[in-house]
file upload07.csv (CSV, C-alpha atoms)
chain,number,residue,atom,x,y,z
E,1,MET,CA,-16.1,29.8,-0.1
E,2,VAL,CA,-17.0,26.9,-2.4
E,3,CYS,CA,-19.3,24.0,-1.5
E,4,THR,CA,-21.8,22.5,-3.9
E,5,GLU,CA,-24.2,21.9,-1.0
E,6,TYR,CA,-25.4,24.6,1.3
E,7,PRO,CA,-28.4,25.2,3.5
E,8,PRO,CA,-31.3,24.7,3.2
E,9,MET,CA,-29.8,21.7,1.4
E,10,GLN,CA,-29.1,18.9,3.9
E,11,GLY,CA,-25.5,17.6,4.2
E,12,ALA,CA,-22.6,17.8,6.5
E,13,ALA,CA,-20.3,19.7,4.2
E,14,GLY,CA,-22.9,22.4,3.6
E,15,TRP,CA,-23.7,22.6,7.3
E,16,ILE,CA,-20.0,23.0,8.1
E,17,THR,CA,-19.6,25.7,5.4
E,18,ALA,CA,-22.5,27.7,6.7
E,19,HIS,CA,-21.4,27.7,10.3
E,20,LEU,CA,-17.8,28.5,9.4
E,21,SER,CA,-18.8,31.3,7.1
E,22,LYS,CA,-21.1,32.8,9.8
E,23,ALA,CA,-18.3,32.7,12.4
E,24,LEU,CA,-15.8,34.3,9.9
E,25,ARG,CA,-18.2,37.1,9.2
E,26,LYS,CA,-18.5,37.8,12.9
E,27,LEU,CA,-14.8,38.3,13.0
E,28,GLY,CA,-14.9,40.8,10.1
E,29,VAL,CA,-14.1,38.6,7.1
E,30,ASP,CA,-16.1,39.2,3.9
E,31,VAL,CA,-17.3,35.7,2.9
E,32,TYR,CA,-19.2,34.9,-0.3
E,33,ILE,CA,-20.6,31.5,-1.0
E,34,ALA,CA,-20.6,29.6,-4.3
E,35,CYS,CA,-22.9,26.6,-4.3
E,36,ASN,CA,-25.8,24.8,-6.0
E,37,GLU,CA,-28.9,26.7,-7.1
E,38,CYS,CA,-30.8,25.0,-4.3
E,39,GLY,CA,-28.6,26.6,-1.6
E,40,ASN,CA,-28.9,30.1,-0.2
E,41,GLY,CA,-25.5,31.2,-1.4
E,42,ASP,CA,-24.2,34.3,-3.2
E,43,PHE,CA,-23.2,32.6,-6.5
E,44,TYR,CA,-24.5,29.5,-8.1
E,45,GLY,CA,-23.8,26.9,-10.8
E,46,VAL,CA,-21.6,24.3,-9.1
E,47,SER,CA,-22.9,20.8,-8.6
E,48,PRO,CA,-21.8,17.1,-8.9
E,49,THR,CA,-23.4,16.9,-12.3
E,50,ASN,CA,-22.1,20.1,-13.9
E,51,VAL,CA,-19.1,19.4,-16.2
E,52,GLN,CA,-18.6,23.1,-16.4
E,53,ASN,CA,-17.8,23.6,-12.6
E,54,SER,CA,-14.4,24.9,-13.3
E,55,GLN,CA,-15.5,27.5,-15.9
E,56,VAL,CA,-18.3,28.6,-13.5
E,57,LEU,CA,-15.9,29.2,-10.7
E,58,LEU,CA,-13.3,30.9,-12.9
E,59,LYS,CA,-16.0,33.4,-14.0
E,60,ILE,CA,-17.0,34.0,-10.3
E,61,VAL,CA,-13.4,34.6,-9.3
E,62,ASP,CA,-12.8,36.9,-12.2
E,63,ASP,CA,-15.9,39.0,-11.4
E,64,LEU,CA,-15.5,39.0,-7.6
E,65,LYS,CA,-11.7,39.2,-7.4
E,66,PRO,CA,-11.5,37.6,-3.9
E,67,ASP,CA,-8.2,37.5,-1.9
E,68,ILE,CA,-8.7,33.7,-1.3
E,69,VAL,CA,-10.8,30.9,-2.6
E,70,HIS,CA,-11.6,28.3,0.0
E,71,ILE,CA,-12.9,25.0,-1.4
E,72,GLN,CA,-14.6,22.4,0.8
E,73,PHE,CA,-13.4,19.4,-1.1
E,74,GLU,CA,-15.4,16.2,-1.0
E,75,ALA,CA,-14.6,14.6,-4.4
E,76,GLY,CA,-18.2,13.4,-4.9
E,77,LEU,CA,-19.6,16.8,-4.5
E,78,TYR,CA,-17.8,18.0,-7.6
E,79,GLY,CA,-18.5,15.0,-9.8
E,80,LEU,CA,-16.0,12.2,-9.1
E,81,VAL,CA,-15.4,10.2,-12.2
E,82,HIS,CA,-13.6,6.8,-12.3
E,83,ASP,CA,-12.5,5.6,-15.7
E,84,PRO,CA,-13.6,2.0,-16.0
E,85,LYS,CA,-11.2,1.4,-18.9
E,86,GLU,CA,-8.3,3.0,-17.1
E,87,PRO,CA,-8.9,2.6,-13.3
E,88,ARG,CA,-5.7,4.5,-12.5
E,89,LYS,CA,-7.4,7.7,-13.8
E,90,SER,CA,-9.9,9.6,-11.7
E,91,TRP,CA,-11.0,13.2,-12.0
E,92,THR,CA,-13.6,15.7,-10.9
E,93,TYR,CA,-15.3,18.6,-12.7
E,94,ILE,CA,-13.3,21.1,-10.6
E,95,ASP,CA,-9.8,19.9,-11.6
E,96,SER,CA,-9.0,22.5,-14.2
E,97,PHE,CA,-10.0,25.3,-11.8
E,98,TYR,CA,-7.1,24.3,-9.6
E,99,THR,CA,-4.8,24.5,-12.6
E,100,LYS,CA,-6.1,27.8,-14.0
E,101,CYS,CA,-7.0,29.8,-10.9
E,102,LYS,CA,-4.5,32.6,-10.0
E,103,THR,CA,-6.0,33.4,-6.7
E,104,PRO,CA,-4.6,31.5,-3.6
E,105,ILE,CA,-6.6,28.4,-3.0
E,106,VAL,CA,-7.2,26.9,0.5
E,107,THR,CA,-8.6,23.4,0.4
E,108,THR,CA,-10.4,21.6,3.3
E,109,ILE,CA,-10.2,17.9,2.6
E,110,GLN,CA,-13.5,16.4,3.8
E,111,SER,CA,-12.8,12.8,3.0
E,112,ALA,CA,-9.6,10.6,3.0
E,113,TYR,CA,-9.7,6.9,3.7
E,114,SER,CA,-7.3,4.1,4.4
E,115,LEU,CA,-7.2,1.2,2.0
E,116,LYS,CA,-9.1,-1.0,4.5
E,117,GLU,CA,-11.9,1.6,4.9
E,118,TRP,CA,-12.1,2.1,1.1
E,119,MET,CA,-12.6,-1.6,0.6
E,120,ARG,CA,-15.2,-1.7,3.4
E,121,GLY,CA,-17.4,1.1,1.9
E,122,PRO,CA,-19.5,1.2,-1.2
E,123,SER,CA,-17.3,0.0,-4.1
E,124,ALA,CA,-16.2,2.5,-6.8
E,125,ASN,CA,-16.5,-0.3,-9.3
E,126,SER,CA,-19.4,-2.5,-8.3
E,127,ASP,CA,-21.9,-3.3,-5.6
E,128,HIS,CA,-19.7,-5.9,-3.8
E,129,ALA,CA,-19.0,-3.5,-1.0
E,130,GLY,CA,-17.7,-5.2,2.1
E,131,ALA,CA,-17.2,-8.6,0.4
E,132,TRP,CA,-13.5,-8.5,0.9
E,133,ILE,CA,-13.5,-7.6,4.6
E,134,LYS,CA,-12.0,-10.2,6.9
E,135,LYS,CA,-14.8,-12.0,8.8
E,136,GLY,CA,-12.6,-14.8,10.2
E,137,GLY,CA,-10.4,-17.5,9.0
E,138,ARG,CA,-6.9,-17.2,7.5
E,139,THR,CA,-6.4,-14.4,5.1
E,140,GLY,CA,-3.7,-13.1,2.9
E,141,ILE,CA,-2.5,-9.5,2.3
E,142,PHE,CA,-5.2,-6.8,2.5
E,143,GLY,CA,-7.4,-9.2,4.5
E,144,ILE,CA,-8.8,-10.9,1.4
E,145,PRO,CA,-10.3,-14.3,2.2
E,146,ALA,CA,-8.4,-16.9,0.1
E,147,ARG,CA,-11.6,-18.9,-0.3
E,148,ALA,CA,-13.4,-15.9,-1.9
E,149,LEU,CA,-10.6,-15.5,-4.3
E,150,SER,CA,-10.6,-19.1,-5.4
E,151,ARG,CA,-14.4,-19.2,-5.8
E,152,ALA,CA,-14.9,-15.9,-7.6
E,153,PRO,CA,-12.3,-15.1,-10.3
E,154,ALA,CA,-14.6,-12.5,-11.7
E,155,ASN,CA,-14.6,-10.7,-8.4
E,156,CYS,CA,-10.8,-10.7,-8.5
E,157,LYS,CA,-10.9,-8.3,-11.4
E,158,ASN,CA,-13.3,-6.1,-9.4
E,159,LEU,CA,-11.0,-6.2,-6.5
E,160,TYR,CA,-8.0,-5.3,-8.5
E,161,ASN,CA,-9.8,-2.4,-10.1
E,162,ASP,CA,-11.0,-1.2,-6.7
E,163,LEU,CA,-7.4,-1.2,-5.5
E,164,LEU,CA,-6.5,0.9,-8.5
E,165,TYR,CA,-9.5,3.2,-7.9
E,166,TYR,CA,-8.3,3.7,-4.3
E,167,GLN,CA,-4.9,4.8,-5.4
E,168,SER,CA,-6.3,7.1,-8.1
E,169,PHE,CA,-8.7,8.6,-5.5
E,170,LYS,CA,-5.8,9.1,-3.1
E,171,ASN,CA,-3.7,10.7,-5.8
E,172,LEU,CA,-6.6,13.0,-6.7
E,173,ILE,CA,-6.7,14.3,-3.2
E,174,LYS,CA,-3.0,14.7,-2.9
E,175,GLU,CA,-3.0,16.7,-6.2
E,176,LYS,CA,-5.6,19.1,-4.7
E,177,VAL,CA,-3.3,19.6,-1.7
E,178,ARG,CA,-0.3,20.1,-3.9
E,179,MET,CA,-2.1,22.7,-6.0
E,180,SER,CA,-3.4,24.6,-3.0
E,181,ARG,CA,-1.5,27.3,-1.1
E,182,ALA,CA,-2.8,25.8,2.1
E,183,SER,CA,-4.7,22.7,3.1
E,184,ILE,CA,-6.8,21.7,6.0
E,185,VAL,CA,-7.8,18.2,7.3
E,186,LEU,CA,-10.2,17.2,10.0
E,187,SER,CA,-7.9,14.9,12.0
E,188,HIS,CA,-4.3,13.7,12.4
E,189,HIS,CA,-5.5,10.4,10.9
E,190,MET,CA,-6.5,12.2,7.7
E,191,SER,CA,-3.2,14.2,7.7
E,192,LYS,CA,-1.3,10.9,7.6
E,193,ILE,CA,-3.3,9.6,4.7
E,194,VAL,CA,-3.0,12.9,2.7
E,195,GLY,CA,0.6,13.5,3.8
E,196,ALA,CA,-0.1,17.1,4.6
E,197,GLY,CA,-2.7,19.5,6.0
E,198,GLU,CA,-3.3,21.7,9.0
E,199,VAL,CA,-5.5,19.9,11.5
E,200,ILE,CA,-8.7,21.9,12.3
E,201,TYR,CA,-11.6,20.1,13.9
E,202,ILE,CA,-15.2,20.6,12.7
E,203,GLY,CA,-16.8,23.2,14.9
E,204,ALA,CA,-19.8,22.4,17.0
E,205,GLU,CA,-21.6,24.1,19.8
E,206,PRO,CA,-25.2,24.2,21.0
E,207,ALA,CA,-27.7,26.4,19.2
E,208,VAL,CA,-29.8,26.8,22.3
E,209,SER,CA,-28.9,27.3,26.0
E,210,TYR,CA,-28.5,24.1,28.1
E,211,PRO,CA,-31.9,23.4,29.8
E,212,SER,CA,-32.0,23.6,33.6
E,213,ASN,CA,-32.2,19.9,33.7
E,214,LYS,CA,-32.1,17.0,31.2
E,215,ASN,CA,-35.8,16.1,31.7
E,216,LYS,CA,-36.9,19.4,30.0
E,217,ALA,CA,-35.0,18.4,26.9
E,218,ARG,CA,-36.5,14.9,27.0
E,219,ALA,CA,-40.0,16.2,27.4
E,220,LYS,CA,-39.6,18.0,24.0
E,221,TYR,CA,-39.4,14.5,22.4
E,222,SER,CA,-41.7,12.7,24.9
E,223,LEU,CA,-38.8,10.6,26.1
E,224,PRO,CA,-38.8,8.8,29.5
E,225,LYS,CA,-37.7,10.8,32.5
E,226,ASN,CA,-37.0,7.7,34.7
E,227,GLY,CA,-33.3,8.2,35.0
E,228,GLN,CA,-32.2,5.8,32.3
E,229,ARG,CA,-29.3,6.9,30.2
E,230,ILE,CA,-30.0,7.5,26.5
E,231,ALA,CA,-27.7,6.4,23.7
E,232,LEU,CA,-28.5,8.4,20.6
E,233,ALA,CA,-28.1,7.3,16.9
E,234,ILE,CA,-28.7,10.1,14.6
E,235,GLY,CA,-27.9,11.1,11.0
E,236,PHE,CA,-28.5,9.9,7.4
E,237,ARG,CA,-29.7,6.3,7.0
E,238,THR,CA,-27.0,5.2,4.6
E,239,ILE,CA,-24.9,2.0,4.2
E,240,ASN,CA,-21.7,3.7,5.4
E,241,LYS,CA,-23.4,4.6,8.7
E,242,GLY,CA,-23.7,1.0,9.7
E,243,TRP,CA,-27.1,1.2,11.3
E,244,ASP,CA,-27.9,-2.4,10.3
E,245,ILE,CA,-26.4,-3.6,13.6
E,246,LEU,CA,-28.5,-1.4,15.9
E,247,GLU,CA,-31.7,-3.4,15.7
E,248,ARG,CA,-29.7,-6.5,16.8
E,249,MET,CA,-28.2,-4.9,19.9
E,250,ASP,CA,-28.9,-6.2,23.3
E,251,ILE,CA,-29.4,-2.8,25.1
E,252,PRO,CA,-27.7,-2.9,28.5
E,253,ASN,CA,-29.6,-2.4,31.7
E,254,GLY,CA,-29.9,1.3,32.5
E,255,TRP,CA,-29.7,2.3,28.9
E,256,MET,CA,-32.2,2.9,26.1
E,257,LEU,CA,-31.5,3.5,22.4
E,258,VAL,CA,-33.1,6.5,20.7
E,259,VAL,CA,-32.9,6.8,17.0
E,260,ASN,CA,-33.7,9.6,14.5
E,261,SER,CA,-32.7,9.4,10.9
E,262,ASN,CA,-33.0,11.1,7.5
E,263,VAL,CA,-33.6,8.7,4.6
E,264,LYS,CA,-31.2,10.5,2.3
E,265,ASP,CA,-29.5,13.9,1.8
E,266,TYR,CA,-29.7,16.0,-1.3
E,267,TYR,CA,-27.2,14.1,-3.4
E,268,ASN,CA,-27.0,10.7,-1.7
E,269,THR,CA,-29.7,8.2,-2.7
E,270,GLN,CA,-28.3,5.3,-0.6
E,271,SER,CA,-30.7,4.2,2.2
E,272,ILE,CA,-31.4,1.1,4.2
E,273,ASN,CA,-34.6,0.1,5.9
E,274,PHE,CA,-35.0,-1.0,9.5
E,275,LYS,CA,-37.7,-3.1,11.0
E,276,TRP,CA,-37.6,-2.1,14.6
E,277,ASP,CA,-39.2,-4.3,17.2
E,278,MET,CA,-41.5,-1.6,18.5
E,279,GLU,CA,-42.5,-3.9,21.4
E,280,ARG,CA,-39.0,-3.4,22.9
E,281,SER,CA,-39.3,-0.8,25.5
E,282,ASN,CA,-35.6,0.1,25.4
E,283,ILE,CA,-35.6,1.3,21.7
E,284,ILE,CA,-37.4,4.4,20.5
E,285,ASP,CA,-37.5,5.5,16.9
E,286,LEU,CA,-38.5,9.2,16.9
E,287,LYS,CA,-39.1,9.3,13.1
E,288,ARG,CA,-38.7,13.0,13.1
E,289,GLY,CA,-36.5,13.2,10.0
E,290,PHE,CA,-34.4,16.3,9.4
E,291,LEU,CA,-34.0,18.5,12.5
E,292,ASN,CA,-32.9,22.2,12.5
E,293,ASP,CA,-30.1,23.3,14.7
E,294,GLU,CA,-32.3,24.2,17.7
E,295,GLU,CA,-34.1,20.9,17.6
E,296,LEU,CA,-30.9,19.0,17.2
E,297,SER,CA,-29.3,20.7,20.2
E,298,MET,CA,-32.3,19.8,22.4
E,299,LEU,CA,-32.1,16.2,21.3
E,300,PHE,CA,-28.4,16.0,22.1
E,301,PHE,CA,-29.2,17.6,25.5
E,302,ALA,CA,-31.7,14.8,26.1
E,303,ALA,CA,-29.1,12.1,25.5
E,304,ASP,CA,-26.1,10.8,27.4
E,305,ALA,CA,-24.0,9.4,24.6
E,306,VAL,CA,-24.0,8.8,20.9
E,307,VAL,CA,-23.4,5.5,19.1
E,308,LEU,CA,-21.5,5.6,15.8
E,309,PRO,CA,-21.5,2.1,14.2
E,310,TYR,CA,-19.9,3.4,11.0
E,311,ARG,CA,-18.4,1.1,8.3
E,312,VAL,CA,-16.2,3.9,7.1
E,313,THR,CA,-15.7,7.6,7.9
E,314,ALA,CA,-13.2,10.4,7.4
E,315,GLY,CA,-14.6,13.0,9.9
E,316,SER,CA,-17.9,12.6,11.5
E,317,ALA,CA,-19.9,15.7,12.0
E,318,VAL,CA,-22.3,13.8,14.3
E,319,MET,CA,-19.3,12.9,16.5
E,320,PHE,CA,-18.1,16.5,16.7
E,321,ASN,CA,-21.6,17.7,17.3
E,322,ALA,CA,-22.1,15.3,20.2
E,323,LEU,CA,-18.8,16.3,21.7
E,324,GLY,CA,-19.7,19.9,21.3
E,325,HIS,CA,-22.8,19.2,23.4
E,326,GLY,CA,-20.8,17.3,26.1
E,327,LEU,CA,-21.6,13.7,25.0
E,328,PRO,CA,-19.0,10.9,24.8
E,329,PHE,CA,-19.4,8.3,22.1
E,330,VAL,CA,-19.2,4.6,21.4
E,331,ALA,CA,-18.0,4.0,17.9
E,332,SER,CA,-16.6,1.4,15.5
E,333,ASP,CA,-12.9,0.8,15.8
E,334,LEU,CA,-12.0,2.9,12.8
E,335,PRO,CA,-8.8,5.0,12.9
E,336,SER,CA,-10.6,8.3,12.7
E,337,PHE,CA,-12.6,7.4,15.9
E,338,LYS,CA,-9.7,5.8,17.7
E,339,GLU,CA,-7.8,9.1,17.5
E,340,PHE,CA,-10.5,10.8,19.6
E,341,ALA,CA,-11.0,7.7,21.8
E,342,ASP,CA,-7.3,7.9,22.7
E,343,GLN,CA,-8.0,11.4,24.0
E,344,GLY,CA,-10.5,9.9,26.5
E,345,LEU,CA,-13.6,11.2,24.6
E,346,GLY,CA,-15.3,7.9,24.0
E,347,ILE,CA,-14.8,4.2,23.4
E,348,THR,CA,-14.2,2.2,20.1
E,349,VAL,CA,-15.4,-1.3,19.7
E,350,LYS,CA,-15.7,-4.1,17.1
E,351,ARG,CA,-18.5,-3.3,14.7
E,352,ASN,CA,-21.0,-5.8,15.8
E,353,PRO,CA,-24.1,-5.7,18.1
E,354,HIS,CA,-22.3,-7.3,21.1
E,355,GLY,CA,-19.4,-4.9,20.8
E,356,PHE,CA,-21.7,-1.9,21.0
E,357,SER,CA,-23.6,-3.4,23.9
E,358,ARG,CA,-20.4,-3.9,25.8
E,359,GLY,CA,-19.2,-0.5,24.9
E,360,LEU,CA,-22.2,1.2,26.5
E,361,GLU,CA,-21.6,-0.9,29.6
E,362,ALA,CA,-18.0,0.2,29.8
E,363,LEU,CA,-18.9,3.8,29.2
E,364,ASN,CA,-21.4,3.6,32.1
E,365,LYS,CA,-18.8,2.4,34.6
E,366,ASP,CA,-16.6,5.5,34.0
E,367,TYR,CA,-19.2,7.9,32.7
E,368,SER,CA,-18.2,10.9,34.9
E,369,LYS,CA,-14.6,10.6,33.7
E,370,TYR,CA,-15.5,10.6,30.0
E,371,ALA,CA,-18.0,13.5,30.6
E,372,LYS,CA,-15.3,15.6,32.3
E,373,THR,CA,-12.8,15.0,29.5
E,374,VAL,CA,-15.4,15.9,26.8
E,375,ASP,CA,-16.4,19.0,28.7
E,376,ALA,CA,-12.8,20.3,28.5
E,377,PHE,CA,-12.3,19.2,24.9
E,378,LYS,CA,-15.5,20.9,23.6
E,379,GLN,CA,-13.9,24.4,24.1
E,380,LYS,CA,-11.8,23.6,21.0
E,381,LEU,CA,-14.9,23.1,18.9
E,382,LYS,CA,-16.4,26.6,19.5
E,383,TRP,CA,-16.9,28.2,16.1
E,384,ASP,CA,-15.1,31.4,17.2
E,385,TYR,CA,-12.0,29.4,17.9
E,386,VAL,CA,-12.3,27.4,14.7
E,387,ALA,CA,-12.8,30.5,12.7
E,388,ARG,CA,-9.7,32.1,14.2
E,389,GLN,CA,-7.7,29.1,13.2
E,390,HIS,CA,-8.8,29.6,9.6
E,391,ILE,CA,-8.0,33.3,9.7
E,392,SER,CA,-4.5,32.5,10.9
E,393,ILE,CA,-4.0,30.5,7.7
E,394,TYR,CA,-5.7,33.1,5.5
E,395,ASP,CA,-3.4,35.8,6.8
E,396,THR,CA,-0.3,34.0,5.6
E,397,LEU,CA,-1.6,34.0,2.0
E,398,VAL,CA,-2.4,37.7,1.5
E,399,ASP,CA,-0.1,40.6,1.2
E,400,GLN,CA,-1.9,43.0,3.5
E,401,PRO,CA,-4.1,40.9,5.9
E,402,THR,CA,-7.0,42.9,7.2
E,403,ILE,CA,-7.3,40.8,10.4
E,404,ARG,CA,-4.6,39.6,12.8
E,405,THR,CA,-6.2,37.2,15.3
E,406,GLU,CA,-4.3,35.6,18.1
E,407,ILE,CA,-5.2,31.9,18.7
E,408,LYS,CA,-5.4,31.1,22.3
E,409,GLY,CA,-5.9,27.7,24.0
call {"tool": "encode", "arguments": {"input": "upload07.csv", "output": "structure tokens"}}
result
Amino acid sequence: MVCTEYPPMQGAAGWITAHLSKALRKLGVDVYIACNECGNGDFYGVSPTNVQNSQVLLKIVDDLKPDIVHIQFEAGLYGLVHDPKEPRKSWTYIDSFYTKCKTPIVTTIQSAYSLKEWMRGPSANSDHAGAWIKKGGRTGIFGIPARALSRAPANCKNLYNDLLYYQSFKNLIKEKVRMSRASIVLSHHMSKIVGAGEVIYIGAEPAVSYPSNKNKARAKYSLPKNGQRIALAIGFRTINKGWDILERMDIPNGWMLVVNSNVKDYYNTQSINFKWDMERSNIIDLKRGFLNDEELSMLFFAADAVVLPYRVTAGSAVMFNALGHGLPFVASDLPSFKEFADQGLGITVKRNPHGFSRGLEALNKDYSKYAKTVDAFKQKLKWDYVARQHISIYDTLVDQPTIRTEIKG
């Protein structure tokens, strides 16, 4: 199992890799981890800055002789390089491994974006992220404001390059899929973008038993026990997470907003600062930073919903974790969230303060319906179930599989 980040390093890809590996081991699969020196893996030497990633992995495979190499592929985790002189070219420091490795490769694609999402997120070419997103008025193809094009010819070049970067990024992912014996994606939306991939959700389930009542979980974080519903915003405080709108929300009656964030993960240095109005009784900033699995579960148990005002996302570990704890969501109207909202697991809204306020009101009106649907869905997120789905794929790639596991449900 290959992932440059791995606990105790913080990061969703490493968290997923650790839990999946643990579940696979429980089912009798021998799993070895290749990661960064800061992670508690079995082999080391892969990182976003190591141009020798492929050579390191080829040596590990040659020594270990595994039946399968499973790569958790987030391009940036392996050193995503865009060529400023030739925007059509992008590569990572793991590309030649795919070419030279003789062992069957399984690749989980952690990120794949639509063009609109790509242009909304941090730019590959500059810091003009979001400048081209439609904010009203008549627009042309791609939602590019004509007035912006006419005023900023220099930005037109940046825009054109970003379009080329998007295509090269997308081709890079498709190449990894093509060179893998099997590929996995986190949603049907991602599968459409990539053009392939078995859909397996991110696993998520509580690390502690559900407390006898919600007030016990709230007491752990000194949260009110007065019957108000709690909307939880949790995760890394980065631009893509879209938390800039939270402080401007008009929290609906009967709700309060509880926030807990990490400033940055191991590799990501993006961060945004918030100036919460601490005199507002309906917003609480816990300021607890990173939470371990047990602490995180208790916080989810204390809440009634999660808010996900993301600018861009491929597959949200926070969303899956919330669903695994029985919580519906209110999220930005991104395709990756709409897929799950269409299953009755939450509500998507326009990414603005008013939209999220109205979303919480709508959720409150039919809360029991959403909670019941989430409760049924979360069975698909149990790590045992997710691991068996992986084993079903692995078994098709080896001559004499050691495990035959029936997938039920």
call {"tool": "residues_around", "arguments": {"input": "upload07.csv", "residues": "E:Thr108", "least_positions_apart": "4", "cutoff": "6 Å", "atoms": "all atoms listed in the file", "output": "PyMOL selection string"}}
result
chain E and resi 72-73+183-185
call {"tool": "residues_around", "arguments": {"input": "upload07.csv", "residues": "E:Phe43", "least_positions_apart": "6", "cutoff": "7 Å", "atoms": "all atoms listed in the file", "output": "PyMOL selection string"}}
result
chain E and resi 33-35
call {"tool": "residues_around", "arguments": {"input": "upload07.csv", "residues": "E:Asn262", "least_positions_apart": "3", "cutoff": "10 Å", "atoms": "only C-alpha atoms", "output": "list in words"}}
result
Gln10, Ile234, Gly235, Phe236, Arg237, Thr238, Asp265, Ser271, Lys287, Arg288, Gly289, Phe290 and Leu291 of chain E
call {"tool": "closest_residue", "arguments": {"input": "upload07.csv", "among": "E:Leu327, E:Leu27, E:Val258, E:Val177", "to": "E:Gly195", "atoms": "only C-alpha atoms"}}
result
E:Val177
call {"tool": "closest_residue", "arguments": {"input": "upload07.csv", "among": "E:Asp395, E:Lys350, E:Leu77, E:Val31", "to": "E:Leu64", "atoms": "all atoms listed in the file"}}
result
E:Val31
call {"tool": "closest_residue", "arguments": {"input": "upload07.csv", "among": "E:Ala233, E:Ala204, E:Val106, E:Ala196", "to": "E:Phe377", "atoms": "only C-alpha atoms"}}
result
E:Ala204
call {"tool": "build_atoms", "arguments": {"input": "upload07.csv", "residues": "stretch 366-383 of chain E", "atoms": "N, CA and C atoms", "output": "PDB file, in the frame of the given file"}}
result
ATOM      1  N   ASP E 366     -17.479   4.341  33.824  1.00  0.00           N
ATOM      2  CA  ASP E 366     -16.600   5.500  34.000  1.00  0.00           C
ATOM      3  C   ASP E 366     -17.211   6.757  33.381  1.00  0.00           C
ATOM      4  N   TYR E 367     -18.530   6.867  33.443  1.00  0.00           N
ATOM      5  CA  TYR E 367     -19.200   7.900  32.700  1.00  0.00           C
ATOM      6  C   TYR E 367     -18.711   9.317  33.105  1.00  0.00           C
ATOM      7  N   SER E 368     -18.581   9.561  34.396  1.00  0.00           N
ATOM      8  CA  SER E 368     -18.200  10.900  34.900  1.00  0.00           C
ATOM      9  C   SER E 368     -16.810  11.279  34.351  1.00  0.00           C
ATOM     10  N   LYS E 369     -15.907  10.279  34.241  1.00  0.00           N
ATOM     11  CA  LYS E 369     -14.600  10.600  33.700  1.00  0.00           C
ATOM     12  C   LYS E 369     -14.626  10.984  32.264  1.00  0.00           C
ATOM     13  N   TYR E 370     -15.394  10.253  31.460  1.00  0.00           N
ATOM     14  CA  TYR E 370     -15.500  10.600  30.000  1.00  0.00           C
ATOM     15  C   TYR E 370     -16.205  11.977  29.892  1.00  0.00           C
ATOM     16  N   ALA E 371     -17.262  12.215  30.668  1.00  0.00           N
ATOM     17  CA  ALA E 371     -18.000  13.500  30.600  1.00  0.00           C
ATOM     18  C   ALA E 371     -17.101  14.660  30.909  1.00  0.00           C
ATOM     19  N   LYS E 372     -16.252  14.496  31.894  1.00  0.00           N
ATOM     20  CA  LYS E 372     -15.300  15.600  32.300  1.00  0.00           C
ATOM     21  C   LYS E 372     -14.326  15.874  31.186  1.00  0.00           C
ATOM     22  N   THR E 373     -13.803  14.819  30.580  1.00  0.00           N
ATOM     23  CA  THR E 373     -12.800  15.000  29.500  1.00  0.00           C
ATOM     24  C   THR E 373     -13.472  15.680  28.291  1.00  0.00           C
ATOM     25  N   VAL E 374     -14.685  15.254  27.939  1.00  0.00           N
ATOM     26  CA  VAL E 374     -15.400  15.900  26.800  1.00  0.00           C
ATOM     27  C   VAL E 374     -15.700  17.328  27.111  1.00  0.00           C
ATOM     28  N   ASP E 375     -16.066  17.635  28.333  1.00  0.00           N
ATOM     29  CA  ASP E 375     -16.400  19.000  28.700  1.00  0.00           C
ATOM     30  C   ASP E 375     -15.218  19.946  28.479  1.00  0.00           C
ATOM     31  N   ALA E 376     -14.017  19.464  28.772  1.00  0.00           N
ATOM     32  CA  ALA E 376     -12.800  20.300  28.500  1.00  0.00           C
ATOM     33  C   ALA E 376     -12.488  20.380  27.059  1.00  0.00           C
ATOM     34  N   PHE E 377     -12.660  19.270  26.335  1.00  0.00           N
ATOM     35  CA  PHE E 377     -12.300  19.200  24.900  1.00  0.00           C
ATOM     36  C   PHE E 377     -13.227  20.126  24.076  1.00  0.00           C
ATOM     37  N   LYS E 378     -14.487  20.234  24.436  1.00  0.00           N
ATOM     38  CA  LYS E 378     -15.500  20.900  23.600  1.00  0.00           C
ATOM     39  C   LYS E 378     -15.144  22.411  23.410  1.00  0.00           C
ATOM     40  N   GLN E 379     -14.269  22.955  24.260  1.00  0.00           N
ATOM     41  CA  GLN E 379     -13.900  24.400  24.100  1.00  0.00           C
ATOM     42  C   GLN E 379     -13.150  24.554  22.754  1.00  0.00           C
ATOM     43  N   LYS E 380     -12.482  23.498  22.283  1.00  0.00           N
ATOM     44  CA  LYS E 380     -11.800  23.600  21.000  1.00  0.00           C
ATOM     45  C   LYS E 380     -12.686  23.547  19.808  1.00  0.00           C
ATOM     46  N   LEU E 381     -13.973  23.268  20.040  1.00  0.00           N
ATOM     47  CA  LEU E 381     -14.900  23.100  18.900  1.00  0.00           C
ATOM     48  C   LEU E 381     -15.801  24.369  18.784  1.00  0.00           C
ATOM     49  N   LYS E 382     -15.617  25.367  19.609  1.00  0.00           N
ATOM     50  CA  LYS E 382     -16.400  26.600  19.500  1.00  0.00           C
ATOM     51  C   LYS E 382     -16.103  27.242  18.138  1.00  0.00           C
ATOM     52  N   TRP E 383     -17.128  27.704  17.475  1.00  0.00           N
ATOM     53  CA  TRP E 383     -16.900  28.200  16.100  1.00  0.00           C
ATOM     54  C   TRP E 383     -16.031  29.447  16.085  1.00  0.00           C
TER      55      TRP E 383
END
